[in-house]
Each structure stands twice: as structure tokens, then as C-alpha cells.
>>> print(open('structure39.cif').read())   # mmCIF, C-alpha atoms
data_start
#
loop_
_atom_site.label_atom_id
_atom_site.label_comp_id
_atom_site.auth_asym_id
_atom_site.auth_seq_id
_atom_site.Cartn_x
_atom_site.Cartn_y
_atom_site.Cartn_z
CA MET A 22 0.10 -5.09 -1.88
CA LYS A 23 -2.84 -3.91 0.18
CA TYR A 24 -6.56 -4.38 -0.29
CA VAL A 25 -8.21 -1.12 0.78
CA PRO A 26 -11.79 0.20 1.04
CA ASP A 27 -12.94 2.04 -2.06
CA ALA A 28 -12.53 5.76 -1.35
CA THR A 29 -15.76 6.48 -3.25
CA ALA A 30 -17.77 4.06 -1.09
CA ASP A 31 -19.46 4.76 2.23
CA ARG A 32 -16.62 3.70 4.53
CA GLN A 33 -17.46 2.70 8.08
CA PHE A 34 -15.80 1.68 11.33
CA GLU A 35 -16.45 -1.47 13.32
CA SER A 36 -17.57 -1.35 16.97
CA ASP A 37 -13.91 -1.74 18.03
CA ASN A 38 -12.97 1.36 15.97
CA THR A 39 -11.17 -0.64 13.29
CA VAL A 40 -11.95 0.00 9.63
CA ASP A 41 -14.71 -2.14 8.15
CA ARG A 42 -12.95 -4.11 5.41
CA VAL A 43 -15.67 -6.70 4.86
CA GLY A 44 -18.93 -4.78 4.54
CA VAL A 45 -17.60 -2.27 1.98
CA ASP A 46 -16.34 -2.53 -1.57
CA GLY A 47 -12.56 -2.74 -1.80
CA LEU A 48 -9.81 -2.75 -4.37
CA LEU A 49 -6.05 -2.90 -4.84
CA SER A 50 -4.51 0.25 -3.35
CA GLU A 51 -3.75 2.62 -6.21
CA LEU A 52 -0.29 3.39 -4.84
CA ASP A 53 0.52 -0.32 -4.90
CA GLU A 54 -0.33 -0.49 -8.60
CA TYR A 55 2.81 1.56 -9.22
CA ALA A 56 4.83 -1.08 -7.35
CA VAL A 57 3.31 -3.81 -9.51
CA GLU A 58 4.20 -1.82 -12.61
CA GLN A 59 7.82 -1.35 -11.57
CA ALA A 60 8.12 -5.05 -10.69
CA LEU A 61 6.84 -5.98 -14.14
CA GLN A 62 9.30 -3.58 -15.77
CA LEU A 63 12.16 -5.22 -13.86
CA LYS A 64 10.96 -8.61 -15.11
CA GLU A 65 10.80 -7.38 -18.71
CA LYS A 66 14.38 -6.12 -18.45
CA ALA A 67 15.75 -9.19 -16.65
CA GLY A 68 14.13 -11.82 -18.88
CA ASP A 69 11.52 -14.57 -18.76
CA ASP A 70 13.38 -16.56 -16.09
CA THR A 71 12.41 -13.82 -13.60
CA GLU A 72 9.23 -14.40 -11.62
CA VAL A 73 7.00 -11.79 -9.99
CA THR A 74 4.82 -12.83 -7.04
CA ALA A 75 2.02 -10.65 -5.66
CA LEU A 76 1.58 -10.90 -1.88
CA CYS A 77 -1.45 -9.53 -0.03
CA ILE A 78 -2.80 -9.79 3.53
CA GLY A 79 -6.48 -9.32 4.17
CA PRO A 80 -9.97 -10.80 4.46
CA GLU A 81 -11.44 -13.21 1.95
CA LYS A 82 -12.36 -10.44 -0.48
CA ALA A 83 -8.73 -9.24 -0.55
CA VAL A 84 -8.01 -11.98 -3.08
CA ASP A 85 -9.47 -9.56 -5.65
CA ALA A 86 -6.38 -7.37 -5.22
CA VAL A 87 -4.15 -10.34 -6.02
CA ARG A 88 -6.24 -11.19 -9.07
CA LYS A 89 -5.85 -7.61 -10.31
CA ALA A 90 -2.06 -7.97 -10.12
CA LEU A 91 -2.23 -11.30 -11.96
CA GLN A 92 -4.28 -9.63 -14.69
CA MET A 93 -1.64 -6.91 -15.00
CA GLY A 94 1.02 -9.54 -15.69
CA VAL A 95 2.27 -10.90 -12.35
CA ASP A 96 3.20 -14.60 -12.50
CA LYS A 97 1.66 -15.93 -9.29
CA GLY A 98 -0.17 -14.72 -6.21
CA VAL A 99 -0.21 -15.39 -2.48
CA HIS A 100 -3.07 -14.30 -0.21
CA VAL A 101 -2.57 -14.53 3.56
CA SER A 102 -5.98 -14.64 5.22
CA ASP A 103 -6.72 -15.39 8.85
CA GLU A 104 -9.37 -13.98 11.18
CA ALA A 105 -6.70 -13.39 13.84
CA ILE A 106 -5.00 -10.77 11.63
CA ALA A 107 -7.93 -8.33 11.85
CA GLY A 108 -6.95 -5.13 13.68
CA SER A 109 -3.20 -5.64 13.22
CA ASP A 110 -0.96 -2.57 13.30
CA TYR A 111 2.11 -1.87 11.16
CA ALA A 112 4.42 -3.98 13.31
CA ALA A 113 2.22 -7.07 13.06
CA THR A 114 1.59 -6.48 9.36
CA SER A 115 5.32 -6.36 8.64
CA LEU A 116 5.79 -9.57 10.65
CA VAL A 117 3.19 -11.47 8.61
CA LEU A 118 4.59 -10.12 5.34
CA ALA A 119 8.15 -11.03 6.29
CA LYS A 120 7.21 -14.60 7.25
CA ALA A 121 5.23 -15.01 4.03
CA ILE A 122 8.16 -13.72 1.96
CA GLU A 123 10.49 -16.17 3.69
CA LYS A 124 8.10 -19.00 2.79
CA ILE A 125 7.91 -17.86 -0.83
CA GLY A 126 11.71 -17.86 -1.07
CA GLN A 127 14.67 -15.47 -1.15
CA PRO A 128 13.69 -12.53 -3.39
CA ASP A 129 15.97 -10.26 -5.38
CA VAL A 130 13.67 -7.31 -4.80
CA VAL A 131 10.76 -6.81 -2.41
CA MET A 132 8.73 -4.13 -4.17
CA CYS A 133 6.31 -1.96 -2.19
CA GLY A 134 4.16 1.08 -2.75
CA MET A 135 5.05 4.29 -0.94
CA ALA A 136 2.00 3.98 1.37
CA SER A 137 -1.54 2.69 1.35
CA THR A 138 -4.43 4.88 0.28
CA ASP A 139 -6.38 4.20 3.48
CA ALA A 140 -3.94 4.53 6.39
CA SER A 141 -1.16 6.38 4.50
CA GLY A 142 1.46 5.25 7.02
CA GLY A 143 4.33 4.49 4.65
CA VAL A 144 6.39 2.71 7.35
CA VAL A 145 5.86 -0.94 6.38
CA PRO A 146 8.69 -1.09 3.78
CA ALA A 147 11.24 0.02 6.38
CA MET A 148 9.89 -2.42 8.97
CA LEU A 149 9.92 -5.18 6.37
CA ALA A 150 13.55 -4.47 5.49
CA GLU A 151 14.52 -4.69 9.15
CA ARG A 152 12.72 -7.99 9.66
CA LEU A 153 14.22 -9.51 6.51
CA GLY A 154 17.70 -8.16 7.23
CA LEU A 155 17.82 -6.39 3.87
CA PRO A 156 18.89 -2.87 2.84
CA GLN A 157 16.14 -0.49 1.84
CA VAL A 158 15.91 2.11 -0.91
CA THR A 159 12.60 3.88 -0.54
CA LEU A 160 10.33 6.50 -2.13
CA ALA A 161 11.78 6.07 -5.60
CA ALA A 162 10.47 8.34 -8.33
CA VAL A 163 12.83 6.73 -10.87
CA VAL A 164 14.21 3.18 -10.74
CA GLU A 165 17.27 2.06 -12.74
CA THR A 166 18.92 -1.37 -12.62
CA GLN A 167 22.12 -2.85 -13.98
CA GLY A 168 22.70 -6.47 -13.04
CA ASP A 169 22.25 -6.69 -9.26
CA GLN A 170 22.75 -2.94 -8.82
CA VAL A 171 19.78 -0.65 -8.20
CA ARG A 172 19.83 3.13 -8.39
CA ILE A 173 16.87 5.34 -7.56
CA LYS A 174 16.06 9.01 -7.66
CA ARG A 175 14.09 10.37 -4.72
CA ASP A 176 12.43 13.75 -5.14
CA GLY A 177 12.36 15.90 -2.01
CA ASP A 178 11.00 19.37 -1.33
CA THR A 179 14.31 21.07 -2.01
CA ALA A 180 16.48 18.53 -3.84
CA THR A 181 16.62 15.21 -5.67
CA GLU A 182 18.66 12.43 -4.08
CA VAL A 183 20.31 9.58 -5.97
CA ILE A 184 20.58 6.41 -3.87
CA GLY A 185 22.14 3.09 -4.81
CA GLY A 186 21.86 -0.41 -3.45
CA GLN A 187 22.70 -4.01 -4.26
CA MET A 188 20.16 -6.81 -4.53
CA PRO A 189 18.60 -8.35 -2.55
CA LEU A 190 16.84 -5.30 -1.11
CA VAL A 191 13.49 -3.74 -0.26
CA LEU A 192 12.39 -1.05 -2.71
CA SER A 193 9.39 1.28 -2.47
CA VAL A 194 8.19 3.51 -5.31
CA THR A 195 6.06 6.64 -5.47
CA ASP A 196 3.22 7.58 -7.78
CA GLN A 197 5.80 9.45 -9.89
CA SER A 198 7.59 6.26 -10.93
CA GLY A 199 5.43 5.60 -13.98
CA GLU A 200 1.79 5.05 -14.88
CA ALA A 201 0.54 1.58 -14.05
CA ARG A 202 -0.67 -0.52 -16.98
CA TYR A 203 -4.29 -1.57 -17.41
CA PRO A 204 -5.10 -5.28 -17.56
CA SER A 205 -5.69 -6.33 -21.16
CA PHE A 206 -8.33 -8.87 -22.20
CA LYS A 207 -5.54 -11.35 -22.84
CA GLY A 208 -4.11 -10.65 -19.40
CA ILE A 209 -7.51 -11.10 -17.73
CA MET A 210 -8.00 -14.48 -19.39
CA ALA A 211 -4.42 -15.61 -18.68
CA ALA A 212 -4.76 -14.68 -14.99
CA LYS A 213 -7.38 -17.41 -14.51
CA LYS A 214 -4.73 -20.08 -15.10
CA LYS A 215 -2.00 -18.57 -12.91
CA PRO A 216 -1.24 -20.09 -9.49
CA LEU A 217 -2.87 -18.36 -6.53
CA GLU A 218 -2.35 -19.75 -3.04
CA THR A 219 -4.13 -18.87 0.20
CA TRP A 220 -2.19 -19.25 3.45
CA SER A 221 -3.19 -19.01 7.09
CA LEU A 222 -0.99 -17.83 9.95
CA SER A 223 -0.07 -21.43 10.77
CA ASP A 224 1.17 -21.92 7.20
CA ILE A 225 3.79 -19.21 7.68
CA GLY A 226 4.64 -19.98 11.30
CA VAL A 227 3.10 -16.93 12.99
CA ASP A 228 1.35 -17.30 16.33
CA ALA A 229 -2.09 -15.68 16.49
CA GLY A 230 -1.09 -13.93 19.72
CA GLN A 231 1.49 -11.88 17.80
CA VAL A 232 -1.09 -10.18 15.58
CA GLY A 233 -4.52 -8.63 15.79
CA LEU A 234 -5.97 -5.77 17.79
CA ASP A 235 -4.93 -7.16 21.20
CA ALA A 236 -1.27 -7.30 20.12
CA ALA A 237 -1.27 -3.86 18.47
CA TRP A 238 1.01 -1.17 19.91
CA THR A 239 -1.53 1.52 19.04
CA ALA A 240 -5.32 1.72 19.05
CA VAL A 241 -8.01 4.16 17.93
CA ASP A 242 -9.93 5.37 21.00
CA ASP A 243 -12.78 7.11 19.22
CA THR A 244 -14.10 8.07 15.80
CA THR A 245 -16.45 10.85 14.76
CA ALA A 246 -18.39 10.94 11.52
CA ARG A 247 -17.59 13.82 9.22
CA PRO A 248 -20.27 16.51 9.66
CA PRO A 249 -22.44 17.35 6.65
CA ARG A 250 -21.26 20.21 4.49
CA THR A 251 -22.84 23.53 5.40
CA ALA A 252 -23.17 26.77 3.51
CA GLY A 253 -20.04 28.88 3.41
CA GLU A 254 -19.65 32.23 5.15
CA ILE A 255 -19.38 35.33 3.00
CA VAL A 256 -17.04 38.04 4.26
CA LYS A 257 -17.97 41.51 3.00
CA ASP A 258 -15.68 44.50 3.04
CA GLU A 259 -18.18 47.35 2.84
CA ASP A 260 -16.77 49.24 5.81
CA GLY A 261 -13.11 48.21 5.49
CA SER A 262 -13.32 45.44 8.11
CA GLY A 263 -13.15 42.55 5.64
CA ALA A 264 -9.48 41.77 6.26
CA THR A 265 -9.99 41.65 10.04
CA ALA A 266 -13.06 39.42 9.69
CA LEU A 267 -11.17 37.07 7.38
CA VAL A 268 -8.22 36.76 9.75
CA GLU A 269 -10.53 36.12 12.70
CA PHE A 270 -12.33 33.39 10.75
CA LEU A 271 -9.08 31.67 9.75
CA ALA A 272 -7.77 31.89 13.31
CA SER A 273 -11.00 30.42 14.73
CA LYS A 274 -10.54 27.38 12.42
CA LYS A 275 -6.86 27.18 13.41
CA PHE A 276 -5.76 27.67 9.81
CA ILE A 277 -3.39 30.40 10.96
#
>>> encode(input="structure39.cif", output="C-alpha cells")
Amino acid sequence: MKYVPDATADRQFESDNTVDRVGVDGLLSELDEYAVEQALQLKEKAGDDTEVTALCIGPEKAVDAVRKALQMGVDKGVHVSDEAIAGSDYAATSLVLAKAIEKIGQPDVVMCGMASTDASGGVVPAMLAERLGLPQVTLAAVVETQGDQVRIKRDGDTATEVIGGQMPLVLSVTDQSGEARYPSFKGIMAAKKKPLETWSLSDIGVDAGQVGLDAAWTAVDDTTARPPRTAGEIVKDEDGSGATALVEFLASKKFI
């Protein structure tokens, strides 16, 4: 799961052009809530001997995302927090996640959201599958299981694909997979007694030189604040030139 800046807050960048994740309100990425929901549904189908662990990387405040998952019904949480992780790209993020998963233990399913609501990359599940040496079935709109068999339906622009796999595997789900449940009062109270561990990079065997902004394969060179909204332009067609004016306007904005 990912702890992301609240989209309704005043989001800012740091001096090194990384996103400010400390000085702004954050929350569990909405797209990851669908992954939590599908994990809980798998648990309900498999039985009480199945355990769901929520894993999150981020600053100290990112523990709130783990607590939200615990309140939804997850059994235990793991929060990987280390100052050296700040500025990590997808490759480093997948490395930290993979090492943390290996420390947690061999999973049947590694459940991910389709993307995060801040960066919207959507590549971490595939990278994670490669690092863990597991097959991947991604972008599932429908998830069906029978024993250790998993079948998903993936909706494309022109067709729906049906893809199957055998556990253990990495599975990512879309926002069409089913509405995520809200934490109940009982769930909120029960979450306070559930185990929640915080690990550093040394706890999972990752060298600080492998992560962070200096180790990233990509970097943001510059950022520009969004300009304030201005009044719109009205195109009149009194002399029959409206269509030409409209086309010229759209072309100037590179919309056509």
C-alpha cells in the first residue's frame, strides 16, 4: 500500500523537486483500498487460518495508512520507514517491498493496487513480481479463486481478457474490482490491538546506497506551479468566422 498526499490539500515540492510527504496531510491511496478489499475477500473465502498483512513504505506519518488497513480488517501491519528511502524511484521501491515481503514470509498472493493516486505509475507490481520470482496477473477488474488457482478478468478498450495463474503470484486490481469497505466502529477498536511493526532498511537487509534520490534512475529537473484560473474566451459567430476561430484556439493550445 502507499501513503500519498491528500489530493484536496495544498501539495508542494521539496527543494530537490521531490514531493513533500511530511508537511502535507496524507492518507492511504484510494486505489490501494481496492487491493485491501480484495485481500480481505480472499481471506473470507479461504477461512480464518488465512492471514492478511498490510505493507507500506513511507515517512513516520505513513503508519496511518497501515492503521486504516487494520481498521478495515487486515490482521497485522508492517511499516518500513527510513530517511534514506526518501526520493526513491520505482526500482528502489520495488526492491524495498520485495525484501520486506521476504522477511514477512512466503505469501500466497501479493495484492497491489493498479497504481498510486499521486504518481500513477502502475509499474511496481510487475517489478515486484520480477524481484520475487513470481508470476503476475495484473489490472484485474474481477478476481475469482478456486484452491490455489486464480482467474481474473481484465477490461481493455476493445475486449475483456481472462487470465489465469497459480499461487503464489502477484496480483493487482483496478477500481472496478469492487467497492472497498468502510472501517466499522468494532474494526477501529479491534485495530488498536493488532500487531504493527516498524522496520528500517537494516532490518530487511537493504543497503542505503541502493535507495533514495542519489540511486534513482530518473529525476525531476524542474517543477512549475499551476497558474491561477483565468476567465474563459468566448468565441462568437456573428460573421461566420466562429468555426475558424475555434479551430485556431484549439490548435494554439495543442488540443488538435
>>> resolve_selection(input="structure39.cif", expression="the PyMOL selection byres ((chain A and resi 170) around 8)", output="list of chain:residue names")
A:Thr166, A:Gln167, A:Gly168, A:Asp169, A:Val171, A:Arg172, A:Gly185, A:Gly186, A:Gln187, A:Met188
>>> residues_around(input="structure39.cif", residues="Asp103 (chain A)", least_positions_apart="2", cutoff="10 Å", atoms="only C-alpha atoms", output="number ranges by chain")
A: 78-81, 100-101, 105-107, 219-223, 229, 233
>>> write_last_selection(input="structure39.cif", atoms="C-alpha atoms", output="CSV table (one decimal), in the coordinates of the input")
chain,number,residue,atom,x,y,z
A,78,ILE,CA,-2.8,-9.8,3.5
A,79,GLY,CA,-6.5,-9.3,4.2
A,80,PRO,CA,-10.0,-10.8,4.5
A,81,GLU,CA,-11.4,-13.2,2.0
A,100,HIS,CA,-3.1,-14.3,-0.2
A,101,VAL,CA,-2.6,-14.5,3.6
A,105,ALA,CA,-6.7,-13.4,13.8
A,106,ILE,CA,-5.0,-10.8,11.6
A,107,ALA,CA,-7.9,-8.3,11.8
A,219,THR,CA,-4.1,-18.9,0.2
A,220,TRP,CA,-2.2,-19.2,3.4
A,221,SER,CA,-3.2,-19.0,7.1
A,222,LEU,CA,-1.0,-17.8,10.0
A,223,SER,CA,-0.1,-21.4,10.8
A,229,ALA,CA,-2.1,-15.7,16.5
A,233,GLY,CA,-4.5,-8.6,15.8
>>> resolve_selection(input="structure39.cif", expression="the PyMOL selection byres ((chain A and resi 146) around 8)", output="list in words")
Ser115, Cys133, Gly143, Val144, Val145, Ala147, Met148, Leu149, Ala150, Gln157, Thr159, Val191, Leu192 and Ser193 of chain A
>>> write_last_selection(input="structure39.cif", atoms="C-alpha atoms", output="mmCIF file, in the coordinates of the input")
data_model
loop_
_atom_site.group_PDB
_atom_site.id
_atom_site.type_symbol
_atom_site.label_atom_id
_atom_site.label_comp_id
_atom_site.auth_asym_id
_atom_site.auth_seq_id
_atom_site.Cartn_x
_atom_site.Cartn_y
_atom_site.Cartn_z
ATOM 1 C CA SER A 115 5.320 -6.360 8.640
ATOM 2 C CA CYS A 133 6.310 -1.960 -2.190
ATOM 3 C CA GLY A 143 4.330 4.490 4.650
ATOM 4 C CA VAL A 144 6.390 2.710 7.350
ATOM 5 C CA VAL A 145 5.860 -0.940 6.380
ATOM 6 C CA ALA A 147 11.240 0.020 6.380
ATOM 7 C CA MET A 148 9.890 -2.420 8.970
ATOM 8 C CA LEU A 149 9.920 -5.180 6.370
ATOM 9 C CA ALA A 150 13.550 -4.470 5.490
ATOM 10 C CA GLN A 157 16.140 -0.490 1.840
ATOM 11 C CA THR A 159 12.600 3.880 -0.540
ATOM 12 C CA VAL A 191 13.490 -3.740 -0.260
ATOM 13 C CA LEU A 192 12.390 -1.050 -2.710
ATOM 14 C CA SER A 193 9.390 1.280 -2.470
#
>>> atom_distance(input="structure39.cif", atom1="CA of Lys97 (chain A)", atom2="CA of Ala201 (chain A)")
18.2 Å
>>> resolve_selection(input="structure39.cif", expression="the PyMOL selection byres ((chain A and resi 47-57) around 7)", output="list in words")
Met22, Lys23, Tyr24, Val25, Pro26, Asp27, Val45, Asp46, Glu58, Gln59, Ala60, Leu61, Asp85, Ala86, Ala90, Met132, Cys133, Gly134, Met135, Ala136, Ser137, Thr138, Val194, Asp196, Ser198, Gly199, Glu200 and Ala201 of chain A
>>> write_last_selection(input="structure39.cif", atoms="C-alpha atoms", output="CSV table (one decimal), keeping the file's coordinate frame")
chain,number,residue,atom,x,y,z
A,22,MET,CA,0.1,-5.1,-1.9
A,23,LYS,CA,-2.8,-3.9,0.2
A,24,TYR,CA,-6.6,-4.4,-0.3
A,25,VAL,CA,-8.2,-1.1,0.8
A,26,PRO,CA,-11.8,0.2,1.0
A,27,ASP,CA,-12.9,2.0,-2.1
A,45,VAL,CA,-17.6,-2.3,2.0
A,46,ASP,CA,-16.3,-2.5,-1.6
A,58,GLU,CA,4.2,-1.8,-12.6
A,59,GLN,CA,7.8,-1.4,-11.6
A,60,ALA,CA,8.1,-5.0,-10.7
A,61,LEU,CA,6.8,-6.0,-14.1
A,85,ASP,CA,-9.5,-9.6,-5.6
A,86,ALA,CA,-6.4,-7.4,-5.2
A,90,ALA,CA,-2.1,-8.0,-10.1
A,132,MET,CA,8.7,-4.1,-4.2
A,133,CYS,CA,6.3,-2.0,-2.2
A,134,GLY,CA,4.2,1.1,-2.8
A,135,MET,CA,5.0,4.3,-0.9
A,136,ALA,CA,2.0,4.0,1.4
A,137,SER,CA,-1.5,2.7,1.4
A,138,THR,CA,-4.4,4.9,0.3
A,194,VAL,CA,8.2,3.5,-5.3
A,196,ASP,CA,3.2,7.6,-7.8
A,198,SER,CA,7.6,6.3,-10.9
A,199,GLY,CA,5.4,5.6,-14.0
A,200,GLU,CA,1.8,5.0,-14.9
A,201,ALA,CA,0.5,1.6,-14.0
>>> closest_residue(input="structure39.cif", among="A:Lys214, A:Leu153, A:Pro248, A:Ala162", to="Lys124 (chain A)", atoms="only C-alpha atoms")
A:Leu153
>>> atom_distance(input="structure39.cif", atom1="CA of Asp110 (chain A)", atom2="CA of Val232 (chain A)")
7.9 Å
>>> atom_distance(input="structure39.cif", atom1="CA of Lys213 (chain A)", atom2="CA of Lys89 (chain A)")
10.8 Å
>>> closest_residue(input="structure39.cif", among="A:Ala272, A:Ala240, A:Leu267, A:Ala246", to="Ser109 (chain A)", atoms="all atoms listed in the file")
A:Ala240
>>> closest_residue(input="structure39.cif", among="A:Val131, A:Ala211, A:Ile225, A:Val117", to="Val73 (chain A)", atoms="only C-alpha atoms")
A:Val131
>>> residues_around(input="structure39.cif", residues="Val40 (chain A)", least_positions_apart="2", cutoff="10 Å", atoms="all atoms listed in the file", output="ChimeraX atom specification")
/A:25-26,32-38,42-45,107-108,139-140
>>> closest_residue(input="structure39.cif", among="A:Leu217, A:Ala113, A:Val241, A:Val164", to="Val87 (chain A)", atoms="all atoms listed in the file")
A:Leu217
>>> build_atoms(input="structure39.cif", residues="region 154-165 of chain A", atoms="all heavy atoms", output="mmCIF file, in the coordinates of the input")
data_model
loop_
_atom_site.group_PDB
_atom_site.id
_atom_site.type_symbol
_atom_site.label_atom_id
_atom_site.label_comp_id
_atom_site.auth_asym_id
_atom_site.auth_seq_id
_atom_site.Cartn_x
_atom_site.Cartn_y
_atom_site.Cartn_z
ATOM 1 N N GLY A 154 16.260 -8.381 7.214
ATOM 2 C CA GLY A 154 17.700 -8.160 7.230
ATOM 3 C C GLY A 154 18.236 -7.687 5.894
ATOM 4 O O GLY A 154 19.354 -8.026 5.501
ATOM 5 N N LEU A 155 17.437 -6.875 5.194
ATOM 6 C CA LEU A 155 17.820 -6.390 3.870
ATOM 7 C C LEU A 155 17.974 -4.869 3.878
ATOM 8 O O LEU A 155 17.332 -4.176 4.663
ATOM 9 C CB LEU A 155 16.745 -6.757 2.837
ATOM 10 C CG LEU A 155 16.506 -8.244 2.578
ATOM 11 C CD1 LEU A 155 15.357 -8.418 1.581
ATOM 12 C CD2 LEU A 155 17.768 -8.914 2.048
ATOM 13 N N PRO A 156 18.829 -4.338 2.991
ATOM 14 C CA PRO A 156 18.890 -2.870 2.840
ATOM 15 C C PRO A 156 17.609 -2.361 2.216
ATOM 16 O O PRO A 156 16.881 -3.116 1.562
ATOM 17 C CB PRO A 156 20.096 -2.665 1.917
ATOM 18 C CG PRO A 156 20.217 -3.940 1.155
ATOM 19 C CD PRO A 156 19.782 -5.030 2.098
ATOM 20 N N GLN A 157 17.351 -1.085 2.410
ATOM 21 C CA GLN A 157 16.140 -0.490 1.840
ATOM 22 C C GLN A 157 16.496 0.755 1.031
ATOM 23 O O GLN A 157 17.338 1.563 1.430
ATOM 24 C CB GLN A 157 15.145 -0.128 2.934
ATOM 25 C CG GLN A 157 15.719 0.808 3.997
ATOM 26 C CD GLN A 157 14.681 1.310 4.963
ATOM 27 O OE1 GLN A 157 13.660 1.847 4.546
ATOM 28 N NE2 GLN A 157 14.940 1.142 6.255
ATOM 29 N N VAL A 158 15.867 0.883 -0.112
ATOM 30 C CA VAL A 158 15.910 2.110 -0.910
ATOM 31 C C VAL A 158 14.457 2.487 -1.162
ATOM 32 O O VAL A 158 13.734 1.765 -1.842
ATOM 33 C CB VAL A 158 16.701 1.944 -2.219
ATOM 34 C CG1 VAL A 158 18.188 1.931 -1.956
ATOM 35 C CG2 VAL A 158 16.312 0.664 -2.953
ATOM 36 N N THR A 159 14.025 3.586 -0.593
ATOM 37 C CA THR A 159 12.600 3.880 -0.540
ATOM 38 C C THR A 159 12.227 5.177 -1.244
ATOM 39 O O THR A 159 13.071 6.027 -1.507
ATOM 40 C CB THR A 159 12.129 3.955 0.923
ATOM 41 O OG1 THR A 159 12.923 4.931 1.617
ATOM 42 C CG2 THR A 159 12.290 2.615 1.615
ATOM 43 N N LEU A 160 10.936 5.294 -1.538
ATOM 44 C CA LEU A 160 10.330 6.500 -2.130
ATOM 45 C C LEU A 160 10.995 6.855 -3.458
ATOM 46 O O LEU A 160 11.346 8.009 -3.715
ATOM 47 C CB LEU A 160 10.411 7.670 -1.149
ATOM 48 C CG LEU A 160 9.733 7.446 0.195
ATOM 49 C CD1 LEU A 160 9.942 8.648 1.104
ATOM 50 C CD2 LEU A 160 8.248 7.148 0.025
ATOM 51 N N ALA A 161 11.135 5.857 -4.309
ATOM 52 C CA ALA A 161 11.780 6.070 -5.600
ATOM 53 C C ALA A 161 10.816 6.663 -6.616
ATOM 54 O O ALA A 161 9.732 6.129 -6.842
ATOM 55 C CB ALA A 161 12.331 4.740 -6.133
ATOM 56 N N ALA A 162 11.227 7.765 -7.230
ATOM 57 C CA ALA A 162 10.470 8.340 -8.330
ATOM 58 C C ALA A 162 10.958 7.782 -9.665
ATOM 59 O O ALA A 162 10.213 7.725 -10.646
ATOM 60 C CB ALA A 162 10.594 9.865 -8.327
ATOM 61 N N VAL A 163 12.226 7.351 -9.695
ATOM 62 C CA VAL A 163 12.830 6.730 -10.870
ATOM 63 C C VAL A 163 13.627 5.518 -10.393
ATOM 64 O O VAL A 163 14.348 5.607 -9.396
ATOM 65 C CB VAL A 163 13.765 7.700 -11.623
ATOM 66 C CG1 VAL A 163 14.443 6.995 -12.801
ATOM 67 C CG2 VAL A 163 12.992 8.924 -12.110
ATOM 68 N N VAL A 164 13.489 4.394 -11.088
ATOM 69 C CA VAL A 164 14.210 3.180 -10.740
ATOM 70 C C VAL A 164 15.061 2.752 -11.930
ATOM 71 O O VAL A 164 14.556 2.620 -13.050
ATOM 72 C CB VAL A 164 13.255 2.028 -10.371
ATOM 73 C CG1 VAL A 164 14.042 0.764 -10.031
ATOM 74 C CG2 VAL A 164 12.365 2.430 -9.205
ATOM 75 N N GLU A 165 16.350 2.529 -11.695
ATOM 76 C CA GLU A 165 17.270 2.060 -12.740
ATOM 77 C C GLU A 165 18.023 0.850 -12.201
ATOM 78 O O GLU A 165 18.439 0.840 -11.042
ATOM 79 C CB GLU A 165 18.250 3.156 -13.138
ATOM 80 C CG GLU A 165 17.584 4.408 -13.706
ATOM 81 C CD GLU A 165 18.580 5.541 -13.923
ATOM 82 O OE1 GLU A 165 19.688 5.471 -13.354
ATOM 83 O OE2 GLU A 165 18.235 6.488 -14.656
#
